[in-house]
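Shown next: input_17.pdb, given as PDB, C-alpha atoms, pLDDT in the B column.
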ATOM      1  CA  MET A  95      49.839  13.988  65.073  1.00 58.00           C
ATOM      2  CA  THR A  96      50.616  12.698  68.510  1.00 68.00           C
ATOM      3  CA  PRO A  97      52.401   9.369  69.019  1.00 63.00           C
ATOM      4  CA  ASP A  98      49.204   7.839  70.457  1.00 60.00           C
ATOM      5  CA  ARG A  99      47.190   8.776  67.394  1.00 61.00           C
ATOM      6  CA  LEU A 100      49.932   7.542  65.054  1.00 57.00           C
ATOM      7  CA  ILE A 101      50.033   4.187  66.823  1.00 59.00           C
ATOM      8  CA  ALA A 102      46.239   3.941  66.649  1.00 58.00           C
ATOM      9  CA  LEU A 103      46.278   4.738  62.885  1.00 56.00           C
ATOM     10  CA  VAL A 104      48.961   2.120  62.196  1.00 53.00           C
ATOM     11  CA  ALA A 105      46.997  -0.425  64.199  1.00 59.00           C
ATOM     12  CA  ALA A 106      43.813   0.377  62.270  1.00 60.00           C
ATOM     13  CA  ILE A 107      45.600  -0.006  58.918  1.00 65.00           C
ATOM     14  CA  ALA A 108      47.139  -3.271  60.048  1.00 59.00           C
ATOM     15  CA  GLY A 109      43.721  -4.533  61.120  1.00 60.00           C
ATOM     16  CA  LEU A 110      42.231  -3.576  57.748  1.00 60.00           C
ATOM     17  CA  VAL A 111      44.994  -5.364  55.865  1.00 59.00           C
ATOM     18  CA  SER A 112      44.497  -8.449  58.032  1.00 63.00           C
ATOM     19  CA  ALA A 113      40.750  -8.400  57.391  1.00 57.00           C
ATOM     20  CA  ILE A 114      41.274  -8.110  53.616  1.00 61.00           C
ATOM     21  CA  ALA A 115      43.781 -10.961  53.695  1.00 55.00           C
ATOM     22  CA  ALA A 116      41.340 -13.101  55.669  1.00 53.00           C
ATOM     23  CA  LEU A 117      38.573 -12.399  53.150  1.00 55.00           C
ATOM     24  CA  MET A 118      40.883 -13.351  50.287  1.00 56.00           C
ATOM     25  CA  VAL A 119      41.745 -16.627  51.991  1.00 48.00           C
ATOM     26  CA  VAL A 120      38.069 -17.399  52.552  1.00 47.00           C
ATOM     27  CA  GLY A 121      37.260 -16.531  48.937  1.00 46.00           C
ATOM     28  CA  GLN A 122      40.084 -18.707  47.634  1.00 51.00           C
ATOM     29  CA  ALA A 123      38.969 -21.602  49.824  1.00 44.00           C
ATOM     30  CA  SER A 124      35.407 -21.228  48.544  1.00 50.00           C
ATOM     31  CA  LEU A 125      36.640 -21.209  44.933  1.00 45.00           C
ATOM     32  CA  GLN A 126      38.763 -24.309  45.508  1.00 53.00           C
ATOM     33  CA  ARG A 127      35.800 -26.060  47.077  1.00 53.00           C
ATOM     34  CA  LYS A 128      33.588 -25.285  44.064  1.00 52.00           C
ATOM     35  CA  LEU A 129      36.279 -26.466  41.661  1.00 51.00           C
ATOM     36  CA  SER A 130      36.629 -29.687  43.632  1.00 59.00           C
ATOM     37  CA  TYR A 131      33.108 -30.821  42.655  1.00 75.00           C
ATOM     38  CA  LYS A 132      32.575 -29.002  39.354  1.00 89.00           C
ATOM     39  CA  PRO A 133      31.631 -31.327  36.451  1.00 93.00           C
ATOM     40  CA  ARG A 134      32.612 -30.795  32.823  1.00 92.00           C
ATOM     41  CA  ILE A 135      31.090 -32.965  30.105  1.00 94.00           C
ATOM     42  CA  VAL A 136      32.849 -33.200  26.725  1.00 93.00           C
ATOM     43  CA  PHE A 137      32.117 -35.207  23.583  1.00 93.00           C
ATOM     44  CA  ASN A 138      34.746 -37.228  21.785  1.00 89.00           C
ATOM     45  CA  PRO A 139      35.214 -36.509  18.063  1.00 92.00           C
ATOM     46  CA  GLN A 140      34.286 -39.563  16.046  1.00 94.00           C
ATOM     47  CA  SER A 141      35.566 -41.211  12.887  1.00 96.00           C
ATOM     48  CA  PHE A 142      32.966 -43.256  11.030  1.00 96.00           C
ATOM     49  CA  THR A 143      32.138 -45.309   7.955  1.00 96.00           C
ATOM     50  CA  TYR A 144      28.892 -44.970   6.017  1.00 96.00           C
ATOM     51  CA  LYS A 145      27.533 -47.056   3.144  1.00 94.00           C
ATOM     52  CA  LEU A 146      24.902 -45.891   0.660  1.00 92.00           C
ATOM     53  CA  ASN A 147      23.345 -48.277  -1.839  1.00 86.00           C
ATOM     54  CA  ASN A 148      22.589 -46.555  -5.137  1.00 81.00           C
ATOM     55  CA  ILE A 149      19.836 -49.013  -6.023  1.00 80.00           C
ATOM     56  CA  GLY A 150      17.762 -48.918  -2.870  1.00 78.00           C
ATOM     57  CA  ASN A 151      18.835 -45.387  -1.848  1.00 81.00           C
ATOM     58  CA  ASP A 152      18.977 -46.586   1.764  1.00 84.00           C
ATOM     59  CA  ILE A 153      19.903 -43.186   3.173  1.00 89.00           C
ATOM     60  CA  PHE A 154      19.101 -44.182   6.742  1.00 89.00           C
ATOM     61  CA  ASN A 155      21.820 -46.825   6.801  1.00 90.00           C
ATOM     62  CA  ARG A 156      23.478 -45.977  10.103  1.00 91.00           C
ATOM     63  CA  VAL A 157      27.001 -44.616  10.299  1.00 94.00           C
ATOM     64  CA  HIS A 158      29.438 -46.957  12.062  1.00 94.00           C
ATOM     65  CA  LEU A 159      31.547 -45.189  14.687  1.00 94.00           C
ATOM     66  CA  LYS A 160      35.086 -46.564  14.640  1.00 92.00           C
ATOM     67  CA  ARG A 161      36.084 -45.891  18.254  1.00 86.00           C
ATOM     68  CA  SER A 162      32.768 -46.218  20.077  1.00 88.00           C
ATOM     69  CA  ASN A 163      30.125 -48.754  20.965  1.00 83.00           C
ATOM     70  CA  ASN A 164      27.776 -49.499  18.037  1.00 80.00           C
ATOM     71  CA  ASN A 165      25.730 -52.243  19.697  1.00 81.00           C
ATOM     72  CA  HIS A 166      22.849 -49.987  20.774  1.00 84.00           C
ATOM     73  CA  LEU A 167      20.332 -48.965  18.117  1.00 82.00           C
ATOM     74  CA  ASN A 168      20.347 -45.226  18.827  1.00 89.00           C
ATOM     75  CA  LYS A 169      23.004 -44.616  21.498  1.00 91.00           C
ATOM     76  CA  SER A 170      26.765 -44.660  21.720  1.00 93.00           C
ATOM     77  CA  ASN A 171      29.375 -44.025  24.416  1.00 93.00           C
ATOM     78  CA  ILE A 172      30.806 -40.656  23.411  1.00 93.00           C
ATOM     79  CA  ALA A 173      30.244 -38.459  26.521  1.00 94.00           C
ATOM     80  CA  ILE A 174      32.968 -38.051  29.149  1.00 94.00           C
ATOM     81  CA  ASN A 175      32.838 -36.029  32.365  1.00 94.00           C
ATOM     82  CA  ILE A 176      36.401 -34.715  32.715  1.00 92.00           C
ATOM     83  CA  GLY A 177      35.510 -32.538  35.721  1.00 91.00           C
ATOM     84  CA  LEU A 178      36.128 -33.462  39.338  1.00 90.00           C
ATOM     85  CA  GLY A 179      32.508 -33.916  40.405  1.00 91.00           C
ATOM     86  CA  ALA A 180      29.398 -35.706  39.168  1.00 93.00           C
ATOM     87  CA  ALA A 181      27.001 -33.998  36.740  1.00 94.00           C
ATOM     88  CA  LEU A 182      23.387 -34.226  37.969  1.00 95.00           C
ATOM     89  CA  ASP A 183      20.026 -33.983  36.154  1.00 95.00           C
ATOM     90  CA  VAL A 184      21.641 -34.147  32.722  1.00 96.00           C
ATOM     91  CA  VAL A 185      19.430 -33.211  29.760  1.00 96.00           C
ATOM     92  CA  ILE A 186      20.715 -33.555  26.187  1.00 96.00           C
ATOM     93  CA  HIS A 187      18.674 -32.082  23.354  1.00 96.00           C
ATOM     94  CA  TRP A 188      19.363 -32.300  19.608  1.00 95.00           C
ATOM     95  CA  ASP A 189      18.027 -29.984  16.889  1.00 95.00           C
ATOM     96  CA  TYR A 190      18.227 -30.562  13.143  1.00 95.00           C
ATOM     97  CA  GLU A 191      17.041 -28.711  10.042  1.00 95.00           C
ATOM     98  CA  TYR A 192      14.836 -31.557   8.802  1.00 94.00           C
ATOM     99  CA  GLN A 193      12.946 -29.535   6.213  1.00 95.00           C
ATOM    100  CA  LYS A 194      16.139 -28.257   4.597  1.00 96.00           C
ATOM    101  CA  SER A 195      17.484 -31.799   4.475  1.00 95.00           C
ATOM    102  CA  VAL A 196      14.323 -33.198   2.843  1.00 95.00           C
ATOM    103  CA  ASP A 197      14.149 -30.411   0.252  1.00 96.00           C
ATOM    104  CA  THR A 198      17.840 -30.754  -0.621  1.00 96.00           C
ATOM    105  CA  ILE A 199      17.813 -34.528  -1.055  1.00 95.00           C
ATOM    106  CA  ASN A 200      14.580 -34.510  -3.071  1.00 95.00           C
ATOM    107  CA  SER A 201      16.111 -31.933  -5.426  1.00 96.00           C
ATOM    108  CA  TYR A 202      19.043 -34.326  -5.996  1.00 95.00           C
ATOM    109  CA  PHE A 203      16.659 -37.219  -6.620  1.00 93.00           C
ATOM    110  CA  ARG A 204      14.949 -35.171  -9.343  1.00 93.00           C
ATOM    111  CA  LYS A 205      18.256 -34.192 -10.976  1.00 94.00           C
ATOM    112  CA  LEU A 206      19.479 -37.781 -10.916  1.00 91.00           C
ATOM    113  CA  GLU A 207      16.077 -39.040 -12.129  1.00 90.00           C
ATOM    114  CA  LYS A 208      15.726 -41.432  -9.233  1.00 88.00           C
ATOM    115  CA  PRO A 209      12.208 -42.827  -8.595  1.00 86.00           C
ATOM    116  CA  THR A 210      12.568 -42.022  -4.918  1.00 87.00           C
ATOM    117  CA  LYS A 211      11.196 -39.364  -2.592  1.00 89.00           C
ATOM    118  CA  ILE A 212      11.827 -38.563   1.059  1.00 90.00           C
ATOM    119  CA  CYS A 213       8.872 -37.310   3.118  1.00 90.00           C
ATOM    120  CA  LEU A 214       8.783 -35.538   6.481  1.00 90.00           C
ATOM    121  CA  TYR A 215       6.159 -36.173   9.176  1.00 88.00           C
ATOM    122  CA  ASP A 216       5.649 -35.054  12.764  1.00 84.00           C
ATOM    123  CA  ASN A 217       7.112 -38.244  14.188  1.00 85.00           C
ATOM    124  CA  GLY A 218       9.626 -39.259  11.526  1.00 88.00           C
ATOM    125  CA  LEU A 219      10.749 -39.480   7.914  1.00 89.00           C
ATOM    126  CA  THR A 220      10.163 -42.017   5.161  1.00 87.00           C
ATOM    127  CA  ILE A 221      12.003 -42.827   1.948  1.00 86.00           C
ATOM    128  CA  ASP A 222       9.501 -44.032  -0.647  1.00 82.00           C
ATOM    129  CA  ASN A 223      10.559 -45.928  -3.773  1.00 77.00           C
ATOM    130  CA  GLU A 224       8.305 -46.506  -6.769  1.00 70.00           C
ATOM    131  CA  ASP A 225       9.655 -50.035  -7.068  1.00 65.00           C
ATOM    132  CA  PRO A 226       7.450 -52.108  -4.703  1.00 59.00           C
ATOM    133  CA  GLU A 227      10.265 -54.616  -4.183  1.00 57.00           C
ATOM    134  CA  LEU A 228      12.390 -51.914  -2.554  1.00 55.00           C
ATOM    135  CA  GLY A 229       9.560 -50.712  -0.328  1.00 59.00           C
ATOM    136  CA  TYR A 230      10.246 -47.806   2.005  1.00 62.00           C
ATOM    137  CA  CYS A 231      12.440 -46.922   4.983  1.00 76.00           C
ATOM    138  CA  PHE A 232      11.339 -45.112   8.142  1.00 80.00           C
ATOM    139  CA  ALA A 233      13.393 -43.175  10.687  1.00 84.00           C
ATOM    140  CA  SER A 234      12.055 -41.615  13.879  1.00 83.00           C
ATOM    141  CA  ARG A 235      12.583 -37.953  14.740  1.00 81.00           C
ATOM    142  CA  TYR A 236      13.946 -38.337  18.249  1.00 77.00           C
ATOM    143  CA  GLY A 237      16.057 -35.742  19.932  1.00 79.00           C
ATOM    144  CA  GLU A 238      16.126 -35.676  23.746  1.00 88.00           C
ATOM    145  CA  ASP A 239      17.945 -37.784  26.299  1.00 93.00           C
ATOM    146  CA  THR A 240      18.098 -37.550  30.100  1.00 94.00           C
ATOM    147  CA  HIS A 241      20.433 -38.980  32.746  1.00 95.00           C
ATOM    148  CA  ASP A 242      20.091 -38.772  36.523  1.00 95.00           C
ATOM    149  CA  TYR A 243      23.866 -38.318  36.714  1.00 93.00           C
ATOM    150  CA  ILE A 244      27.148 -38.779  34.849  1.00 95.00           C
ATOM    151  CA  LEU A 245      30.056 -39.593  37.125  1.00 94.00           C
ATOM    152  CA  SER A 246      33.429 -37.896  36.792  1.00 92.00           C
ATOM    153  CA  PHE A 247      36.294 -39.587  34.967  1.00 89.00           C
ATOM    154  CA  ASN A 248      37.967 -40.300  38.321  1.00 88.00           C
ATOM    155  CA  GLN A 249      34.846 -42.061  39.573  1.00 88.00           C
ATOM    156  CA  ASN A 250      34.067 -43.889  36.321  1.00 89.00           C
ATOM    157  CA  PRO A 251      36.513 -43.577  33.398  1.00 88.00           C
ATOM    158  CA  ALA A 252      34.191 -45.353  30.959  1.00 89.00           C
ATOM    159  CA  PRO A 253      32.420 -43.016  28.486  1.00 91.00           C
ATOM    160  CA  THR A 254      28.660 -42.669  28.901  1.00 92.00           C
ATOM    161  CA  ASP A 255      26.117 -43.862  26.328  1.00 93.00           C
ATOM    162  CA  ILE A 256      23.981 -40.989  25.073  1.00 93.00           C
ATOM    163  CA  LEU A 257      21.250 -40.700  22.487  1.00 92.00           C
ATOM    164  CA  ILE A 258      22.558 -39.778  19.018  1.00 93.00           C
ATOM    165  CA  PRO A 259      20.223 -38.879  16.116  1.00 93.00           C
ATOM    166  CA  PHE A 260      21.981 -41.198  13.672  1.00 93.00           C
ATOM    167  CA  PRO A 261      19.426 -40.584  10.857  1.00 93.00           C
ATOM    168  CA  CYS A 262      20.388 -36.882  10.850  1.00 94.00           C
ATOM    169  CA  ILE A 263      24.057 -37.749  10.435  1.00 95.00           C
ATOM    170  CA  SER A 264      23.187 -40.229   7.687  1.00 95.00           C
ATOM    171  CA  LEU A 265      21.104 -37.579   5.897  1.00 95.00           C
ATOM    172  CA  ASN A 266      24.048 -35.175   5.870  1.00 97.00           C
ATOM    173  CA  CYS A 267      26.292 -37.959   4.563  1.00 96.00           C
ATOM    174  CA  ALA A 268      23.788 -38.627   1.764  1.00 95.00           C
ATOM    175  CA  ILE A 269      23.728 -34.927   0.846  1.00 96.00           C
ATOM    176  CA  LEU A 270      27.522 -34.946   0.516  1.00 95.00           C
ATOM    177  CA  ILE A 271      27.343 -37.985  -1.781  1.00 94.00           C
ATOM    178  CA  TYR A 272      24.349 -36.970  -3.913  1.00 94.00           C
ATOM    179  CA  SER A 273      25.590 -33.401  -4.375  1.00 95.00           C
ATOM    180  CA  LEU A 274      28.767 -34.715  -5.971  1.00 91.00           C
ATOM    181  CA  SER A 275      26.741 -36.902  -8.349  1.00 89.00           C
ATOM    182  CA  ALA A 276      24.073 -34.295  -9.154  1.00 92.00           C
ATOM    183  CA  ASP A 277      26.112 -31.064  -9.282  1.00 92.00           C
ATOM    184  CA  GLY A 278      29.679 -32.280  -9.780  1.00 90.00           C
ATOM    185  CA  LYS A 279      30.761 -30.636  -6.518  1.00 92.00           C
ATOM    186  CA  VAL A 280      30.329 -31.273  -2.806  1.00 92.00           C
ATOM    187  CA  ASN A 281      27.598 -29.297  -1.048  1.00 93.00           C
ATOM    188  CA  ARG A 282      29.143 -27.954   2.165  1.00 90.00           C
ATOM    189  CA  ASP A 283      25.987 -26.077   3.177  1.00 94.00           C
ATOM    190  CA  LEU A 284      24.631 -28.985   5.187  1.00 96.00           C
ATOM    191  CA  PRO A 285      21.495 -28.830   7.351  1.00 96.00           C
ATOM    192  CA  LYS A 286      22.475 -27.649  10.811  1.00 96.00           C
ATOM    193  CA  LEU A 287      22.733 -30.210  13.597  1.00 96.00           C
ATOM    194  CA  THR A 288      23.146 -28.866  17.144  1.00 95.00           C
ATOM    195  CA  LEU A 289      23.418 -30.374  20.610  1.00 95.00           C
ATOM    196  CA  THR A 290      22.414 -28.571  23.796  1.00 95.00           C
ATOM    197  CA  ILE A 291      23.322 -30.036  27.181  1.00 95.00           C
ATOM    198  CA  SER A 292      22.335 -28.796  30.641  1.00 95.00           C
ATOM    199  CA  TYR A 293      23.300 -30.198  34.033  1.00 96.00           C
ATOM    200  CA  LYS A 294      23.987 -29.267  37.674  1.00 94.00           C
ATOM    201  CA  ASP A 295      26.786 -29.878  40.138  1.00 92.00           C
ATOM    202  CA  ILE A 296      26.290 -31.103  43.698  1.00 89.00           C
ATOM    203  CA  GLY A 297      26.361 -27.504  44.950  1.00 86.00           C
ATOM    204  CA  GLY A 298      23.351 -26.491  42.824  1.00 88.00           C
ATOM    205  CA  SER A 299      25.171 -24.521  40.119  1.00 90.00           C
ATOM    206  CA  LYS A 300      23.619 -24.918  36.680  1.00 92.00           C
ATOM    207  CA  PHE A 301      25.511 -25.265  33.408  1.00 93.00           C
ATOM    208  CA  LYS A 302      24.269 -25.048  29.836  1.00 93.00           C
ATOM    209  CA  GLU A 303      26.391 -25.577  26.719  1.00 94.00           C
ATOM    210  CA  GLN A 304      25.673 -25.780  23.008  1.00 95.00           C
ATOM    211  CA  TYR A 305      27.587 -27.427  20.179  1.00 95.00           C
ATOM    212  CA  ASP A 306      27.495 -27.330  16.404  1.00 95.00           C
ATOM    213  CA  ILE A 307      28.001 -30.803  14.940  1.00 95.00           C
ATOM    214  CA  ASP A 308      30.134 -30.938  11.795  1.00 95.00           C
ATOM    215  CA  VAL A 309      29.904 -33.945   9.464  1.00 95.00           C
ATOM    216  CA  ASP A 310      32.672 -34.276   6.887  1.00 94.00           C
ATOM    217  CA  PHE A 311      34.486 -37.025   4.994  1.00 94.00           C
ATOM    218  CA  TYR A 312      38.004 -38.155   4.222  1.00 93.00           C
ATOM    219  CA  ASN A 313      37.201 -40.131   1.074  1.00 92.00           C
ATOM    220  CA  LEU A 314      34.461 -41.745  -0.992  1.00 91.00           C
ATOM    221  CA  VAL A 315      34.848 -45.130  -2.668  1.00 92.00           C
ATOM    222  CA  ASN A 316      32.450 -46.223  -5.424  1.00 88.00           C
ATOM    223  CA  ASN A 317      32.225 -49.996  -5.009  1.00 83.00           C
ATOM    224  CA  GLY A 318      29.736 -51.094  -7.639  1.00 79.00           C
ATOM    225  CA  ASP A 319      26.230 -50.447  -6.341  1.00 85.00           C
ATOM    226  CA  ASP A 320      27.547 -49.221  -2.994  1.00 90.00           C
ATOM    227  CA  ILE A 321      29.302 -45.972  -2.153  1.00 93.00           C
ATOM    228  CA  LEU A 322      31.502 -46.159   0.939  1.00 95.00           C
ATOM    229  CA  MET A 323      32.346 -43.028   2.930  1.00 95.00           C
ATOM    230  CA  ASN A 324      35.015 -42.585   5.582  1.00 96.00           C
ATOM    231  CA  GLY A 325      34.290 -39.464   7.571  1.00 96.00           C
ATOM    232  CA  LYS A 326      34.409 -37.643  10.883  1.00 96.00           C
ATOM    233  CA  ILE A 327      32.044 -35.977  13.343  1.00 95.00           C
ATOM    234  CA  THR A 328      33.285 -33.051  15.428  1.00 95.00           C
ATOM    235  CA  PHE A 329      31.641 -31.119  18.276  1.00 95.00           C
ATOM    236  CA  ASN A 330      32.277 -27.360  18.229  1.00 94.00           C
ATOM    237  CA  LYS A 331      31.166 -25.432  21.321  1.00 92.00           C
ATOM    238  CA  ILE A 332      29.271 -22.270  20.380  1.00 86.00           C
ATOM    239  CA  GLY A 333      28.243 -20.933  23.791  1.00 65.00           C
ATOM    240  CA  THR A 334      28.448 -21.474  27.519  1.00 52.00           C
ATOM    241  CA  LYS A 335      25.986 -20.188  30.101  1.00 50.00           C
ATOM    242  CA  GLU A 336      26.412 -20.606  33.817  1.00 48.00           C
ATOM    243  CA  LYS A 337      24.016 -19.676  36.607  1.00 46.00           C
ATOM    244  CA  THR A 338      24.638 -20.235  40.301  1.00 36.00           C
ATOM    245  CA  VAL A 339      21.664 -21.164  42.454  1.00 33.00           C
ATOM    246  CA  LYS A 340      22.041 -19.424  45.785  1.00 32.00           C
TER     247      LYS A 340
END

Exercise: express the given structure as structure tokens:
Amino acid sequence: MTPDRLIALVAAIAGLVSAIAALMVVGQASLQRKLSYKPRIVFNPQSFTYKLNNIGNDIFNRVHLKRSNNNHLNKSNIAINIGLGAALDVVIHWDYEYQKSVDTINSYFRKLEKPTKICLYDNGLTIDNEDPELGYCFASRYGEDTHDYILSFNQNPAPTDILIPFPCISLNCAILIYSLSADGKVNRDLPKLTLTISYKDIGGSKFKEQYDIDVDFYNLVNNGDDILMNGKITFNKIGTKEKTVK
């Protein structure tokens, strides 16, 4: 190989290396830019108290979250965007095994010879008591919440209020309590409660995540006609899907 050709080859290799390096720099800059506005919504674990009256069987008595806002009837501030950018077009959807819950609790009512029955309808649930003085309780079957945006923690450090299906959590608490009374052991096979959240970032990328919601307790205290439960709610991510809109 002549010196001219050798010099040309070295120059070509050097040019190729420079081009690759330039592409890597551009790619890294693009990645950093995406990370700079990527949102990430997480849900705080929650400790709670729950009270069940053995006379009225008021299963739908709402759990009281110890570290969150309990002023709203069906929402609480448990969502935090720990990413760097705002989450847009946020949709939160809850699913619950209502039929399993109704069948399980009614089986405990029969074992405990309670004159009470829980019924499931398209738009809600009722707890019917034979004693007319106790009447009945109703809870709606709601499960979807939307937000135009949830700002990042840097923009707004306050947690965001989101819809929570409190009756579903209360039903699982009641199953834990009644199973101990009816069977002498705690039923850990609770009806499944899941949360699915989808949102976008300002660049158009879409995110979808799903969580299993675990309801458990620290202790139960039998206080006369009332049973008091101290428990916890945890959010366990079971899948993440991400799709970039080009």

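With the shown file loaded, the PyMOL selection byres ((chain A and resi 137) around 7) picks out A:Ile135, A:Val136, A:Asn138, A:Pro139, A:Ile172, A:Ala173, A:Ile174, A:Phe329.
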
### Task
Identify which of the residues A:Arg156, A:Lys300, A:Arg134, A:Lys294 lies closest to Tyr243 (chain A), counting all atoms listed in the file when measuring atom-to-atom distances.
A:Lys294

Quick one: residues within 12 Å of Ile263 (chain A), only C-alpha atoms counted, chain neighbours fewer than 2 positions away excluded, as a PDB file with C-alpha atoms, keeping the file's coordinate frame?
ATOM      1  CA  GLN A 140      34.286 -39.563  16.046  1.00 94.00           C
ATOM      2  CA  PHE A 142      32.966 -43.256  11.030  1.00 96.00           C
ATOM      3  CA  THR A 143      32.138 -45.309   7.955  1.00 96.00           C
ATOM      4  CA  TYR A 144      28.892 -44.970   6.017  1.00 96.00           C
ATOM      5  CA  ILE A 153      19.903 -43.186   3.173  1.00 89.00           C
ATOM      6  CA  PHE A 154      19.101 -44.182   6.742  1.00 89.00           C
ATOM      7  CA  ASN A 155      21.820 -46.825   6.801  1.00 90.00           C
ATOM      8  CA  ARG A 156      23.478 -45.977  10.103  1.00 91.00           C
ATOM      9  CA  VAL A 157      27.001 -44.616  10.299  1.00 94.00           C
ATOM     10  CA  HIS A 158      29.438 -46.957  12.062  1.00 94.00           C
ATOM     11  CA  LEU A 159      31.547 -45.189  14.687  1.00 94.00           C
ATOM     12  CA  ASN A 168      20.347 -45.226  18.827  1.00 89.00           C
ATOM     13  CA  TRP A 188      19.363 -32.300  19.608  1.00 95.00           C
ATOM     14  CA  ASP A 189      18.027 -29.984  16.889  1.00 95.00           C
ATOM     15  CA  TYR A 190      18.227 -30.562  13.143  1.00 95.00           C
ATOM     16  CA  GLU A 191      17.041 -28.711  10.042  1.00 95.00           C
ATOM     17  CA  TYR A 192      14.836 -31.557   8.802  1.00 94.00           C
ATOM     18  CA  SER A 195      17.484 -31.799   4.475  1.00 95.00           C
ATOM     19  CA  ALA A 233      13.393 -43.175  10.687  1.00 84.00           C
ATOM     20  CA  ILE A 258      22.558 -39.778  19.018  1.00 93.00           C
ATOM     21  CA  PRO A 259      20.223 -38.879  16.116  1.00 93.00           C
ATOM     22  CA  PHE A 260      21.981 -41.198  13.672  1.00 93.00           C
ATOM     23  CA  PRO A 261      19.426 -40.584  10.857  1.00 93.00           C
ATOM     24  CA  LEU A 265      21.104 -37.579   5.897  1.00 95.00           C
ATOM     25  CA  ASN A 266      24.048 -35.175   5.870  1.00 97.00           C
ATOM     26  CA  CYS A 267      26.292 -37.959   4.563  1.00 96.00           C
ATOM     27  CA  ALA A 268      23.788 -38.627   1.764  1.00 95.00           C
ATOM     28  CA  ILE A 269      23.728 -34.927   0.846  1.00 96.00           C
ATOM     29  CA  LEU A 270      27.522 -34.946   0.516  1.00 95.00           C
ATOM     30  CA  LEU A 284      24.631 -28.985   5.187  1.00 96.00           C
ATOM     31  CA  PRO A 285      21.495 -28.830   7.351  1.00 96.00           C
ATOM     32  CA  LYS A 286      22.475 -27.649  10.811  1.00 96.00           C
ATOM     33  CA  LEU A 287      22.733 -30.210  13.597  1.00 96.00           C
ATOM     34  CA  THR A 288      23.146 -28.866  17.144  1.00 95.00           C
ATOM     35  CA  ILE A 307      28.001 -30.803  14.940  1.00 95.00           C
ATOM     36  CA  ASP A 308      30.134 -30.938  11.795  1.00 95.00           C
ATOM     37  CA  VAL A 309      29.904 -33.945   9.464  1.00 95.00           C
ATOM     38  CA  ASP A 310      32.672 -34.276   6.887  1.00 94.00           C
ATOM     39  CA  PHE A 311      34.486 -37.025   4.994  1.00 94.00           C
ATOM     40  CA  GLY A 325      34.290 -39.464   7.571  1.00 96.00           C
ATOM     41  CA  LYS A 326      34.409 -37.643  10.883  1.00 96.00           C
ATOM     42  CA  ILE A 327      32.044 -35.977  13.343  1.00 95.00           C
ATOM     43  CA  THR A 328      33.285 -33.051  15.428  1.00 95.00           C
TER      44      THR A 328
END

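Shortest atom-to-atom contact with Tyr131 (chain A) among A:Leu322, A:Ile291, A:Ile296, A:Leu167: A:Ile296, counting all atoms listed in the file.
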
Within 8 Å of region 201-205 of chain A, counting only C-alpha atoms, which residues qualify if same-chain residues fewer than 5 places away don't, as an mmCIF file with C-alpha atoms, in the frame of the given file?
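Here's the written file part02.cif:
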data_model
loop_
_atom_site.group_PDB
_atom_site.id
_atom_site.type_symbol
_atom_site.label_atom_id
_atom_site.label_comp_id
_atom_site.auth_asym_id
_atom_site.auth_seq_id
_atom_site.Cartn_x
_atom_site.Cartn_y
_atom_site.Cartn_z
ATOM 1 C CA THR A 210 12.568 -42.022 -4.918
ATOM 2 C CA LYS A 211 11.196 -39.364 -2.592
ATOM 3 C CA TYR A 272 24.349 -36.970 -3.913
ATOM 4 C CA SER A 273 25.590 -33.401 -4.375
ATOM 5 C CA ALA A 276 24.073 -34.295 -9.154
#

### Message
Can you measure CA of Val280 (chain A) to CA of Ser170 (chain A) for me? One decimal in Å is fine.
### Response
28.2 Å

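Between Asn223 (chain A) and the candidates A:Lys208, A:His241, A:Lys145, A:Lys160, the tightest atom-to-atom separation, counting all atoms listed in the file, involves A:Lys208.
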
Listed atoms of region 136-146 of chain A boxed axis-aligned with 5 Å per side, centre + edges as JSON:
{"center_x": 30.2, "center_y": -40.1, "center_z": 13.7, "size_x": 20.7, "size_y": 23.9, "size_z": 36.1}

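Distance-wise, CA of Gly218 (chain A) and CA of Arg161 (chain A) end up 28.1 Å apart.
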
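Interatomic distance, CA of Leu214 (chain A) against CA of Asn200 (chain A): 11.2 Å.
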
#### Entry: Nearest candidate to Met323 (chain A) (options A:Ser264, A:Leu289, A:Asn250, A:His166; using all atoms listed in the file)
A:Ser264

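The shortest atom-to-atom distance to Ile176 (chain A), with only C-alpha atoms taken into account, belongs to A:Lys132 out of A:Asp222, A:Lys132, A:Asn317, A:Tyr293.
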
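Among the candidate residues A:Ile271, A:Cys231, A:Ile332, A:Ile256, the one lying nearest to Gly150 (chain A) is A:Cys231, with distances computed using all atoms listed in the file.
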